[in-house]
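Pasting final38.cif here (mmCIF, C-alpha atoms):
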```cif
data_target
loop_
_atom_site.label_atom_id
_atom_site.label_comp_id
_atom_site.auth_asym_id
_atom_site.auth_seq_id
_atom_site.Cartn_x
_atom_site.Cartn_y
_atom_site.Cartn_z
CA MET M 1 22.76 7.82 2.16
CA PRO M 2 22.95 6.68 -1.50
CA VAL M 3 19.66 6.59 -3.38
CA SER M 4 19.86 2.82 -3.85
CA MET M 5 20.04 2.36 -0.08
CA LEU M 6 17.06 4.66 0.35
CA LEU M 7 15.12 2.50 -2.08
CA LEU M 8 16.13 -0.64 -0.27
CA LEU M 9 15.57 0.39 3.32
CA GLU M 10 13.29 3.38 3.69
CA LEU M 11 10.18 2.69 1.56
CA LEU M 12 10.07 6.45 0.83
CA ILE M 13 12.02 8.57 -1.61
CA SER M 14 12.09 12.38 -1.82
CA SER M 15 11.27 14.33 -4.98
CA GLN M 16 14.87 15.50 -5.31
CA ASP M 17 16.31 11.99 -4.97
CA LEU M 18 13.82 10.62 -7.49
CA TYR M 19 14.72 13.41 -9.92
CA LYS M 20 18.41 12.46 -9.64
CA LEU M 21 17.53 8.80 -10.15
CA ILE M 22 15.47 9.29 -13.32
CA LYS M 23 18.19 11.53 -14.79
CA LYS M 24 20.63 8.62 -14.36
CA GLN M 25 18.10 6.20 -15.90
CA ASP M 26 19.46 3.58 -13.53
CA ASN M 27 17.14 0.60 -14.10
CA ALA M 28 14.32 2.50 -12.40
CA ILE M 29 10.63 2.01 -13.17
CA VAL M 30 8.44 4.90 -12.05
CA ILE M 31 4.76 3.99 -11.76
CA ASP M 32 2.04 6.63 -11.70
CA SER M 33 -0.75 4.83 -9.84
CA ARG M 34 -3.39 7.51 -10.44
CA PRO M 35 -6.28 7.25 -12.93
CA PHE M 36 -5.24 7.74 -16.58
CA SER M 37 -7.40 10.90 -16.72
CA GLU M 38 -4.93 12.53 -14.30
CA TYR M 39 -1.80 10.92 -15.77
CA LYS M 40 -2.50 12.28 -19.28
CA ASN M 41 -2.69 15.85 -17.96
CA GLY M 42 0.88 15.67 -16.61
CA HIS M 43 3.16 13.21 -14.86
CA ILE M 44 6.75 12.56 -13.84
CA PRO M 45 8.99 12.15 -16.93
CA GLY M 46 9.32 8.50 -17.96
CA ALA M 47 6.52 7.29 -15.66
CA VAL M 48 4.16 4.56 -16.82
CA ASN M 49 0.54 4.55 -15.71
CA ILE M 50 -1.21 1.73 -13.84
CA ASP M 51 -4.34 2.63 -11.89
CA LEU M 52 -3.95 0.24 -8.95
CA PHE M 53 -7.57 0.72 -7.87
CA GLN M 54 -8.41 -1.74 -10.63
CA LEU M 55 -7.09 -4.56 -8.44
CA HIS M 56 -9.60 -4.61 -5.56
CA TRP M 57 -9.68 -8.08 -4.06
CA PHE M 58 -12.30 -9.32 -1.60
CA ASP M 59 -11.75 -13.08 -1.70
CA THR M 60 -9.06 -14.47 0.60
CA THR M 61 -10.14 -18.09 0.49
CA LYS M 62 -7.39 -20.46 -0.65
CA ARG M 63 -8.71 -20.28 -4.23
CA GLY M 64 -9.09 -16.49 -3.99
CA ILE M 65 -5.47 -15.96 -2.94
CA LYS M 66 -4.28 -18.27 -5.74
CA ASP M 67 -6.20 -16.15 -8.27
CA PHE M 68 -4.91 -12.93 -6.72
CA ASN M 69 -1.32 -14.16 -7.07
CA ARG M 70 -1.85 -15.09 -10.71
CA GLN M 71 -3.50 -11.80 -11.64
CA SER M 72 -0.93 -9.74 -9.70
CA ARG M 73 1.98 -11.49 -11.46
CA LEU M 74 0.34 -10.73 -14.81
CA LEU M 75 -0.03 -7.07 -13.83
CA LEU M 76 3.59 -6.79 -12.64
CA SER M 77 4.80 -8.56 -15.79
CA ASN M 78 2.85 -6.09 -17.95
CA ILE M 79 4.51 -3.19 -16.13
CA GLY M 80 7.90 -4.68 -17.03
CA ILE M 81 9.28 -5.36 -13.55
CA SER M 82 12.26 -7.71 -13.33
CA LYS M 83 14.18 -8.84 -10.24
CA ASP M 84 16.77 -6.05 -10.72
CA SER M 85 14.27 -3.22 -11.17
CA LYS M 86 14.14 -0.31 -8.75
CA VAL M 87 10.44 0.45 -8.54
CA ILE M 88 8.95 3.76 -7.40
CA PHE M 89 5.19 4.25 -7.05
CA TYR M 90 3.50 7.60 -6.70
CA ASP M 91 0.05 9.16 -6.59
CA ASN M 92 -1.01 12.73 -5.80
CA VAL M 93 0.17 12.63 -2.17
CA SER M 94 1.84 10.02 0.06
CA GLY M 95 -1.36 8.19 -0.52
CA ILE M 96 -3.09 4.86 -0.59
CA SER M 97 -2.61 3.60 -4.16
CA SER M 98 1.17 4.11 -4.12
CA ALA M 99 1.31 2.44 -0.69
CA ARG M 100 -0.66 -0.47 -2.13
CA GLY M 101 2.01 -0.76 -4.85
CA VAL M 102 4.77 -0.88 -2.21
CA TRP M 103 2.89 -3.55 -0.24
CA LEU M 104 2.25 -5.57 -3.40
CA LEU M 105 5.93 -5.76 -4.34
CA LEU M 106 6.98 -6.56 -0.78
CA TYR M 107 4.39 -9.35 -0.86
CA PHE M 108 6.20 -10.72 -3.91
CA SER M 109 9.56 -10.43 -2.08
CA HIS M 110 10.75 -7.50 -4.25
CA LYS M 111 12.64 -5.27 -1.80
CA LYS M 112 13.81 -2.57 -4.23
CA VAL M 113 10.59 -0.60 -3.93
CA CYS M 114 9.47 2.69 -2.45
CA MET M 115 6.91 5.44 -2.88
CA LEU M 116 7.40 9.12 -3.63
CA ASP M 117 6.90 11.04 -0.38
CA GLY M 118 4.54 13.93 -1.03
CA GLY M 119 3.47 12.50 -4.36
CA PHE M 120 2.90 14.49 -7.54
CA GLU M 121 1.61 17.52 -5.63
CA LYS M 122 4.96 17.99 -3.87
CA TRP M 123 6.81 17.26 -7.14
CA LYS M 124 4.95 20.11 -8.83
CA ARG M 125 5.45 22.47 -5.87
CA GLU M 126 9.19 21.91 -6.18
CA LYS M 127 8.91 22.90 -9.86
CA LEU M 128 10.42 19.65 -11.12
CA PRO M 129 9.86 18.62 -14.77
CA VAL M 130 6.46 17.35 -15.90
CA GLU M 131 5.61 15.62 -19.19
CA VAL M 132 2.29 14.82 -20.89
CA LYS M 133 3.24 12.11 -23.42
CA SER M 134 2.23 8.57 -22.45
CA ASN M 135 5.00 6.05 -21.89
CA GLN M 136 4.82 2.51 -23.16
CA LEU M 137 4.75 -0.55 -20.91
CA ARG M 138 7.43 -3.20 -21.46
CA ASN M 139 6.46 -6.79 -20.81
CA THR M 140 8.59 -9.13 -18.69
CA GLN M 141 7.99 -12.43 -16.91
CA PHE M 142 7.64 -11.40 -13.28
CA LYS M 143 8.12 -14.40 -10.99
CA GLY M 144 8.36 -12.94 -7.49
CA LYS M 145 7.95 -15.40 -4.63
CA THR M 146 5.04 -14.65 -2.28
CA ASP M 147 5.84 -13.75 1.33
CA SER M 148 3.22 -14.93 3.86
CA LYS M 149 4.73 -12.59 6.47
CA VAL M 150 3.02 -9.53 4.95
CA ILE M 151 -0.46 -10.86 4.09
CA ALA M 152 -3.39 -12.02 6.22
CA ASP M 153 -6.52 -13.81 5.04
CA GLY M 154 -9.95 -13.81 6.68
CA LYS M 155 -9.33 -17.11 8.43
CA GLU M 156 -6.15 -15.82 10.11
CA VAL M 157 -7.81 -12.56 11.16
CA ASN M 158 -10.71 -14.48 12.68
CA LYS M 159 -8.29 -16.59 14.74
CA SER M 160 -6.39 -13.45 15.80
CA ILE M 161 -9.33 -11.67 17.45
CA SER M 162 -8.80 -13.32 20.83
CA ASN M 163 -5.00 -13.52 20.56
CA LYS M 164 -3.35 -11.05 22.93
CA ASN M 165 -0.16 -11.15 20.86
CA VAL M 166 -1.95 -9.76 17.78
CA THR M 167 -3.10 -6.16 17.31
CA ILE M 168 -5.61 -5.44 14.54
CA VAL M 169 -5.41 -1.87 13.19
CA ASP M 170 -8.48 -0.45 11.42
CA ALA M 171 -7.28 2.32 9.07
CA ARG M 172 -10.79 3.48 8.09
CA SER M 173 -12.66 6.58 9.21
CA ARG M 174 -14.25 6.79 12.66
CA GLU M 175 -17.68 6.75 10.98
CA GLU M 176 -16.98 3.43 9.25
CA TYR M 177 -15.50 1.98 12.44
CA VAL M 178 -18.53 2.79 14.63
CA GLY M 179 -20.97 1.80 11.88
CA SER M 180 -22.59 5.14 11.05
CA GLU M 181 -21.16 4.86 7.52
CA VAL M 182 -22.02 1.51 5.96
CA ARG M 183 -20.05 0.08 3.03
CA ALA M 184 -20.88 -3.63 3.25
CA ALA M 185 -23.80 -5.90 4.13
CA ARG M 186 -22.93 -5.34 7.79
CA ARG M 187 -21.73 -2.31 9.71
CA GLY M 188 -19.06 -1.85 12.39
CA HIS M 189 -15.58 -3.27 12.77
CA ILE M 190 -13.60 -6.44 13.42
CA PRO M 191 -13.81 -7.23 17.16
CA SER M 192 -10.75 -6.02 19.16
CA ALA M 193 -9.57 -3.74 16.30
CA VAL M 194 -8.00 -0.37 17.17
CA ASN M 195 -9.12 2.53 14.95
CA ILE M 196 -6.35 4.78 13.59
CA ASP M 197 -7.59 6.65 10.49
CA TRP M 198 -4.87 6.54 7.80
CA THR M 199 -5.27 10.28 7.11
CA ARG M 200 -3.57 10.93 10.44
CA ASN M 201 -0.33 9.65 8.83
CA ILE M 202 -0.21 12.56 6.37
CA GLU M 203 0.63 16.26 6.72
CA ASN M 204 1.10 18.70 3.80
CA ASP M 205 0.72 15.78 1.34
CA ALA M 206 3.68 13.83 2.84
CA PHE M 207 4.11 11.35 5.70
CA LYS M 208 4.47 12.99 9.08
CA SER M 209 7.85 12.84 10.81
CA LYS M 210 8.73 9.60 12.59
CA GLU M 211 8.35 11.45 15.91
CA LYS M 212 4.75 12.44 15.09
CA LEU M 213 3.90 9.01 13.69
CA SER M 214 5.33 7.37 16.83
CA LYS M 215 2.83 9.34 18.94
CA ILE M 216 -0.07 8.28 16.73
CA TYR M 217 0.84 4.60 17.07
CA SER M 218 2.18 4.81 20.64
CA GLU M 219 -0.48 2.41 21.98
CA ILE M 220 0.56 -0.33 19.52
CA PRO M 221 3.02 -2.79 21.12
CA LYS M 222 6.32 -3.08 19.23
CA ASN M 223 6.58 -6.84 19.66
CA SER M 224 2.99 -7.55 18.64
CA GLN M 225 1.97 -9.17 15.35
CA LEU M 226 0.05 -6.39 13.58
CA ILE M 227 -2.69 -6.77 10.98
CA THR M 228 -3.95 -3.66 9.18
CA TYR M 229 -7.25 -3.47 7.32
CA CYS M 230 -9.65 -0.96 5.78
CA GLN M 231 -12.37 -1.38 3.14
CA GLY M 232 -10.29 -2.72 0.25
CA GLY M 233 -6.64 -2.92 1.29
CA TYR M 234 -5.47 0.54 0.18
CA ARG M 235 -5.75 2.70 3.30
CA ALA M 236 -4.50 -0.38 5.17
CA ALA M 237 -1.45 -0.42 2.89
CA ASN M 238 -0.69 3.17 3.90
CA ALA M 239 -0.89 2.15 7.57
CA PHE M 240 1.34 -0.86 6.73
CA VAL M 241 4.01 1.46 5.24
CA ALA M 242 3.80 3.86 8.22
CA LEU M 243 4.24 1.00 10.71
CA LYS M 244 7.16 -0.51 8.77
CA MET M 245 8.83 2.91 8.72
CA LEU M 246 8.44 3.08 12.50
CA GLY M 247 10.35 -0.18 12.84
CA TYR M 248 7.49 -2.59 13.50
CA LYS M 249 8.85 -5.89 12.27
CA LYS M 250 5.72 -8.05 12.18
CA VAL M 251 3.13 -6.27 10.04
CA LYS M 252 0.59 -7.90 7.75
CA MET M 253 -2.20 -6.42 5.68
CA TYR M 254 -5.58 -8.14 5.53
CA LEU M 255 -6.10 -8.19 1.78
CA GLY M 256 -9.88 -8.76 1.81
CA SER M 257 -10.45 -6.10 4.49
CA TRP M 258 -14.02 -4.99 5.28
CA GLY M 259 -15.09 -5.61 1.68
CA GLU M 260 -14.76 -9.31 2.49
CA TRP M 261 -15.30 -9.35 6.27
CA GLY M 262 -18.44 -7.19 6.28
CA ASN M 263 -20.06 -9.40 3.64
CA ARG M 264 -19.27 -12.80 5.12
CA ILE M 265 -21.82 -13.64 7.79
CA GLU M 266 -19.64 -16.28 9.47
CA PHE M 267 -17.20 -13.57 10.65
CA PRO M 268 -18.07 -11.66 13.87
CA VAL M 269 -18.56 -7.89 13.91
CA GLU M 270 -18.59 -5.28 16.66
CA ILE M 271 -20.27 -1.87 16.69
#
```

Written form, structure tokens:
Amino acid sequence: MPVSMLLLLELLISSQDLYKLIKKQDNAIVIDSRPFSEYKNGHIPGAVNIDLFQLHWFDTTKRGIKDFNRQSRLLLSNIGISKDSKVIFYDNVSGISSARGVWLLLYFSHKKVCMLDGGFEKWKREKLPVEVKSNQLRNTQFKGKTDSKVIADGKEVNKSISNKNVTIVDARSREEYVGSEVRAARRGHIPSAVNIDWTRNIENDAFKSKEKLSKIYSEIPKNSQLITYCQGGYRAANAFVALKMLGYKKVKMYLGSWGEWGNRIEFPVEI
């Protein structure tokens, strides 16, 4: 399959295919989503650095989403993304910050996006080139249209709890789910949520095969509307990517996740 089709359809790209793509310099923007302290010690040639953990967002009120859209468009404009750009995110493994980048661009209806499967660790293992010089950002005016089919706010999640046609997937650890690890004013999980820790998606730094992933998510109905969440919408983004790869058509991520839910007393919790 041509690389461009991989970018368009698969949400993942291999190290070898990315290496071919950057050699062609074919309108590709490679984004290292790790902290700058790691980027400066070595990164994929030509990659720009944006630490996506800077964009935590725990307010999904109407005003909160409006502000999130504005700030995200500013961020994507500063990276230099235009409607024709092929965008590849990576972190150290097939991780949570690169998955958040994929989700973010899909939210803004930009389909030419994927993440590097295996991340920088696999890239280095395959002895592909590494550079240390920083690469400059190029500003554009990013105007992507938001897609409500991939985002859920607190109000929608609250309505979904008793809806048999909606499955809520908690991508956090078992400890967070049962409430023995507390990371908000309240402990526990969203009522009716199914706990599938995002780390189960990964093996040897990369996503598991579709066969193995299918077994992990075998209890999740294919025709259900899915909503993933975690603490801040990063692990949930990894679950979002895994589910999309498995062919689930209706998948949303709850942007505010437990960082919002666990701190808003009007929302119910379960332990």

Please evaluate the PyMOL selection byres ((chain M and resi 112) around 12) against the structure above and give the resulting residues as a PDB file with C-alpha atoms, in the frame of the given file.
```pdb
ATOM      1  CA  VAL M   3      19.660   6.590  -3.380  1.00  0.00           C
ATOM      2  CA  SER M   4      19.860   2.820  -3.850  1.00  0.00           C
ATOM      3  CA  MET M   5      20.040   2.360  -0.080  1.00  0.00           C
ATOM      4  CA  LEU M   6      17.060   4.660   0.350  1.00  0.00           C
ATOM      5  CA  LEU M   7      15.120   2.500  -2.080  1.00  0.00           C
ATOM      6  CA  LEU M   8      16.130  -0.640  -0.270  1.00  0.00           C
ATOM      7  CA  LEU M   9      15.570   0.390   3.320  1.00  0.00           C
ATOM      8  CA  GLU M  10      13.290   3.380   3.690  1.00  0.00           C
ATOM      9  CA  LEU M  11      10.180   2.690   1.560  1.00  0.00           C
ATOM     10  CA  LEU M  12      10.070   6.450   0.830  1.00  0.00           C
ATOM     11  CA  ILE M  13      12.020   8.570  -1.610  1.00  0.00           C
ATOM     12  CA  ASN M  27      17.140   0.600 -14.100  1.00  0.00           C
ATOM     13  CA  ALA M  28      14.320   2.500 -12.400  1.00  0.00           C
ATOM     14  CA  ILE M  29      10.630   2.010 -13.170  1.00  0.00           C
ATOM     15  CA  ILE M  81       9.280  -5.360 -13.550  1.00  0.00           C
ATOM     16  CA  SER M  82      12.260  -7.710 -13.330  1.00  0.00           C
ATOM     17  CA  LYS M  83      14.180  -8.840 -10.240  1.00  0.00           C
ATOM     18  CA  ASP M  84      16.770  -6.050 -10.720  1.00  0.00           C
ATOM     19  CA  SER M  85      14.270  -3.220 -11.170  1.00  0.00           C
ATOM     20  CA  LYS M  86      14.140  -0.310  -8.750  1.00  0.00           C
ATOM     21  CA  VAL M  87      10.440   0.450  -8.540  1.00  0.00           C
ATOM     22  CA  ILE M  88       8.950   3.760  -7.400  1.00  0.00           C
ATOM     23  CA  PHE M  89       5.190   4.250  -7.050  1.00  0.00           C
ATOM     24  CA  GLY M 101       2.010  -0.760  -4.850  1.00  0.00           C
ATOM     25  CA  VAL M 102       4.770  -0.880  -2.210  1.00  0.00           C
ATOM     26  CA  TRP M 103       2.890  -3.550  -0.240  1.00  0.00           C
ATOM     27  CA  LEU M 104       2.250  -5.570  -3.400  1.00  0.00           C
ATOM     28  CA  LEU M 105       5.930  -5.760  -4.340  1.00  0.00           C
ATOM     29  CA  LEU M 106       6.980  -6.560  -0.780  1.00  0.00           C
ATOM     30  CA  PHE M 108       6.200 -10.720  -3.910  1.00  0.00           C
ATOM     31  CA  SER M 109       9.560 -10.430  -2.080  1.00  0.00           C
ATOM     32  CA  HIS M 110      10.750  -7.500  -4.250  1.00  0.00           C
ATOM     33  CA  LYS M 111      12.640  -5.270  -1.800  1.00  0.00           C
ATOM     34  CA  VAL M 113      10.590  -0.600  -3.930  1.00  0.00           C
ATOM     35  CA  CYS M 114       9.470   2.690  -2.450  1.00  0.00           C
ATOM     36  CA  MET M 115       6.910   5.440  -2.880  1.00  0.00           C
TER      37      MET M 115
END
```

Open item on the list: Under the PyMOL selection byres ((chain M and resi 116-127) around 12), which residues of this model are included? Write them out as a PyMOL selection string.
Closed with: chain M and resi 6-7+10-19+30-34+38-39+41-45+47+87-99+101-102+113-115+128-131+201-209+238+241-242

Open item on the list: Just the number, please: distance in Å from CA of Ala193 in chain M to CA of Gln231 in chain M, one decimal.
Closed with: 13.7 Å

Open item on the list: Just checking: using all atoms listed in the file, which residue out of M:Phe36, M:Trp57, M:Tyr217, M:Phe68 ends up closest to Lys244 in chain M?
Closed with: M:Tyr217

Task: the PyMOL selection byres ((chain M and resi 147-159) around 7) resolved against shown file, as a PyMOL selection string - done: chain M and resi 60+107-109+145-146+160-162+251-256+261+267

TODO: Tell me which protein, DNA and RNA residues are within 10 Å of Asn263 in chain M, counting all atoms listed in the file, leaving out same-chain ones fewer than 6 positions away, and put them as a list in words.
DONE: Phe58, Arg183, Ala184, Ala185, Arg186 and Arg187 of chain M

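Each of M:Lys212, M:His189, M:Lys133, M:Lys222 was compared to Val166 in chain M using only C-alpha atoms, and M:Lys222 turns out to be the nearest.
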
Task: Best match for closeness to Trp258 in chain M among M:Ile271, M:Val182, M:Ala237, M:Ile196, counting all atoms listed in the file - done: M:Val182

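Across the model, the gap from CA of Leu52 in chain M to CA of Lys40 in chain M is 15.9 Å.
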
TODO: Could you give me, as a PyMOL selection string, the residues within 7 Å of Ser77 in chain M, counting all atoms listed in the file and dropping anything in the same chain fewer than 3 positions from it?
DONE: chain M and resi 73-74+80-81+139-142

Got a minute to add N, CA and C atoms to range 30-65 of chain M and dump it as a PDB file, in the frame of the given file?
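And here is the file that came out, part.pdb:
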```pdb
ATOM      1  N   VAL M  30       9.289   3.985 -12.815  1.00  0.00           N
ATOM      2  CA  VAL M  30       8.440   4.900 -12.050  1.00  0.00           C
ATOM      3  C   VAL M  30       7.000   4.651 -12.467  1.00  0.00           C
ATOM      4  N   ILE M  31       6.148   4.358 -11.477  1.00  0.00           N
ATOM      5  CA  ILE M  31       4.760   3.990 -11.760  1.00  0.00           C
ATOM      6  C   ILE M  31       3.817   5.039 -11.184  1.00  0.00           C
ATOM      7  N   ASP M  32       3.081   5.692 -12.083  1.00  0.00           N
ATOM      8  CA  ASP M  32       2.040   6.630 -11.700  1.00  0.00           C
ATOM      9  C   ASP M  32       0.780   5.800 -11.451  1.00  0.00           C
ATOM     10  N   SER M  33       0.359   5.725 -10.188  1.00  0.00           N
ATOM     11  CA  SER M  33      -0.750   4.830  -9.840  1.00  0.00           C
ATOM     12  C   SER M  33      -2.093   5.560  -9.785  1.00  0.00           C
ATOM     13  N   ARG M  34      -2.141   6.741 -10.394  1.00  0.00           N
ATOM     14  CA  ARG M  34      -3.390   7.510 -10.440  1.00  0.00           C
ATOM     15  C   ARG M  34      -4.235   7.078 -11.645  1.00  0.00           C
ATOM     16  N   PRO M  35      -5.487   7.528 -11.730  1.00  0.00           N
ATOM     17  CA  PRO M  35      -6.280   7.250 -12.930  1.00  0.00           C
ATOM     18  C   PRO M  35      -5.628   7.859 -14.174  1.00  0.00           C
ATOM     19  N   PHE M  36      -5.847   7.248 -15.343  1.00  0.00           N
ATOM     20  CA  PHE M  36      -5.240   7.740 -16.580  1.00  0.00           C
ATOM     21  C   PHE M  36      -5.679   9.175 -16.885  1.00  0.00           C
ATOM     22  N   SER M  37      -6.909   9.537 -16.475  1.00  0.00           N
ATOM     23  CA  SER M  37      -7.400  10.900 -16.720  1.00  0.00           C
ATOM     24  C   SER M  37      -6.507  11.953 -16.067  1.00  0.00           C
ATOM     25  N   GLU M  38      -5.870  11.605 -14.958  1.00  0.00           N
ATOM     26  CA  GLU M  38      -4.930  12.530 -14.300  1.00  0.00           C
ATOM     27  C   GLU M  38      -3.540  12.410 -14.915  1.00  0.00           C
ATOM     28  N   TYR M  39      -3.119  11.178 -15.185  1.00  0.00           N
ATOM     29  CA  TYR M  39      -1.800  10.920 -15.770  1.00  0.00           C
ATOM     30  C   TYR M  39      -1.623  11.689 -17.081  1.00  0.00           C
ATOM     31  N   LYS M  40      -2.644  11.676 -17.947  1.00  0.00           N
ATOM     32  CA  LYS M  40      -2.500  12.280 -19.280  1.00  0.00           C
ATOM     33  C   LYS M  40      -2.374  13.804 -19.222  1.00  0.00           C
ATOM     34  N   ASN M  41      -2.801  14.397 -18.107  1.00  0.00           N
ATOM     35  CA  ASN M  41      -2.690  15.850 -17.960  1.00  0.00           C
ATOM     36  C   ASN M  41      -1.337  16.297 -17.401  1.00  0.00           C
ATOM     37  N   GLY M  42      -0.455  15.335 -17.111  1.00  0.00           N
ATOM     38  CA  GLY M  42       0.880  15.670 -16.610  1.00  0.00           C
ATOM     39  C   GLY M  42       1.348  14.650 -15.601  1.00  0.00           C
ATOM     40  N   HIS M  43       2.599  14.224 -15.752  1.00  0.00           N
ATOM     41  CA  HIS M  43       3.160  13.210 -14.860  1.00  0.00           C
ATOM     42  C   HIS M  43       4.680  13.347 -14.808  1.00  0.00           C
ATOM     43  N   ILE M  44       5.291  12.562 -13.956  1.00  0.00           N
ATOM     44  CA  ILE M  44       6.750  12.560 -13.840  1.00  0.00           C
ATOM     45  C   ILE M  44       7.357  11.993 -15.119  1.00  0.00           C
ATOM     46  N   PRO M  45       8.392  12.630 -15.679  1.00  0.00           N
ATOM     47  CA  PRO M  45       8.990  12.150 -16.930  1.00  0.00           C
ATOM     48  C   PRO M  45       9.388  10.671 -16.856  1.00  0.00           C
ATOM     49  N   GLY M  46       8.980   9.916 -17.866  1.00  0.00           N
ATOM     50  CA  GLY M  46       9.320   8.500 -17.960  1.00  0.00           C
ATOM     51  C   GLY M  46       8.363   7.574 -17.243  1.00  0.00           C
ATOM     52  N   ALA M  47       7.434   8.135 -16.455  1.00  0.00           N
ATOM     53  CA  ALA M  47       6.520   7.290 -15.660  1.00  0.00           C
ATOM     54  C   ALA M  47       5.526   6.563 -16.554  1.00  0.00           C
ATOM     55  N   VAL M  48       5.238   5.310 -16.178  1.00  0.00           N
ATOM     56  CA  VAL M  48       4.160   4.560 -16.820  1.00  0.00           C
ATOM     57  C   VAL M  48       2.941   4.620 -15.911  1.00  0.00           C
ATOM     58  N   ASN M  49       1.768   4.391 -16.472  1.00  0.00           N
ATOM     59  CA  ASN M  49       0.540   4.550 -15.710  1.00  0.00           C
ATOM     60  C   ASN M  49      -0.171   3.215 -15.487  1.00  0.00           C
ATOM     61  N   ILE M  50      -0.377   2.884 -14.219  1.00  0.00           N
ATOM     62  CA  ILE M  50      -1.210   1.730 -13.840  1.00  0.00           C
ATOM     63  C   ILE M  50      -2.102   2.182 -12.698  1.00  0.00           C
ATOM     64  N   ASP M  51      -3.404   2.257 -12.945  1.00  0.00           N
ATOM     65  CA  ASP M  51      -4.340   2.630 -11.890  1.00  0.00           C
ATOM     66  C   ASP M  51      -4.563   1.418 -10.994  1.00  0.00           C
ATOM     67  N   LEU M  52      -3.925   1.418  -9.830  1.00  0.00           N
ATOM     68  CA  LEU M  52      -3.950   0.240  -8.950  1.00  0.00           C
ATOM     69  C   LEU M  52      -5.308  -0.007  -8.310  1.00  0.00           C
ATOM     70  N   PHE M  53      -6.227   0.953  -8.410  1.00  0.00           N
ATOM     71  CA  PHE M  53      -7.570   0.720  -7.870  1.00  0.00           C
ATOM     72  C   PHE M  53      -8.334  -0.310  -8.693  1.00  0.00           C
ATOM     73  N   GLN M  54      -7.780  -0.686  -9.827  1.00  0.00           N
ATOM     74  CA  GLN M  54      -8.410  -1.740 -10.630  1.00  0.00           C
ATOM     75  C   GLN M  54      -8.283  -3.116  -9.971  1.00  0.00           C
ATOM     76  N   LEU M  55      -7.380  -3.240  -9.015  1.00  0.00           N
ATOM     77  CA  LEU M  55      -7.090  -4.560  -8.440  1.00  0.00           C
ATOM     78  C   LEU M  55      -7.665  -4.712  -7.027  1.00  0.00           C
ATOM     79  N   HIS M  56      -8.925  -4.310  -6.836  1.00  0.00           N
ATOM     80  CA  HIS M  56      -9.600  -4.610  -5.560  1.00  0.00           C
ATOM     81  C   HIS M  56      -9.744  -6.116  -5.438  1.00  0.00           C
ATOM     82  N   TRP M  57      -9.612  -6.625  -4.227  1.00  0.00           N
ATOM     83  CA  TRP M  57      -9.680  -8.080  -4.060  1.00  0.00           C
ATOM     84  C   TRP M  57     -10.341  -8.427  -2.729  1.00  0.00           C
ATOM     85  N   PHE M  58     -11.532  -9.049  -2.813  1.00  0.00           N
ATOM     86  CA  PHE M  58     -12.300  -9.320  -1.600  1.00  0.00           C
ATOM     87  C   PHE M  58     -12.471 -10.808  -1.315  1.00  0.00           C
ATOM     88  N   ASP M  59     -11.637 -11.638  -1.915  1.00  0.00           N
ATOM     89  CA  ASP M  59     -11.750 -13.080  -1.700  1.00  0.00           C
ATOM     90  C   ASP M  59     -10.414 -13.625  -1.208  1.00  0.00           C
ATOM     91  N   THR M  60     -10.324 -13.938   0.086  1.00  0.00           N
ATOM     92  CA  THR M  60      -9.060 -14.470   0.600  1.00  0.00           C
ATOM     93  C   THR M  60      -9.192 -15.941   1.002  1.00  0.00           C
ATOM     94  N   THR M  61     -10.134 -16.628   0.359  1.00  0.00           N
ATOM     95  CA  THR M  61     -10.140 -18.090   0.490  1.00  0.00           C
ATOM     96  C   THR M  61      -8.871 -18.609  -0.198  1.00  0.00           C
ATOM     97  N   LYS M  62      -8.585 -19.885  -0.021  1.00  0.00           N
ATOM     98  CA  LYS M  62      -7.390 -20.460  -0.650  1.00  0.00           C
ATOM     99  C   LYS M  62      -7.411 -20.241  -2.165  1.00  0.00           C
ATOM    100  N   ARG M  63      -8.557 -20.482  -2.780  1.00  0.00           N
ATOM    101  CA  ARG M  63      -8.710 -20.280  -4.230  1.00  0.00           C
ATOM    102  C   ARG M  63      -8.569 -18.794  -4.584  1.00  0.00           C
ATOM    103  N   GLY M  64      -9.155 -17.929  -3.740  1.00  0.00           N
ATOM    104  CA  GLY M  64      -9.090 -16.490  -3.990  1.00  0.00           C
ATOM    105  C   GLY M  64      -7.670 -15.958  -3.984  1.00  0.00           C
ATOM    106  N   ILE M  65      -6.866 -16.400  -3.023  1.00  0.00           N
ATOM    107  CA  ILE M  65      -5.470 -15.960  -2.940  1.00  0.00           C
ATOM    108  C   ILE M  65      -4.672 -16.476  -4.152  1.00  0.00           C
TER     109      ILE M  65
END
```
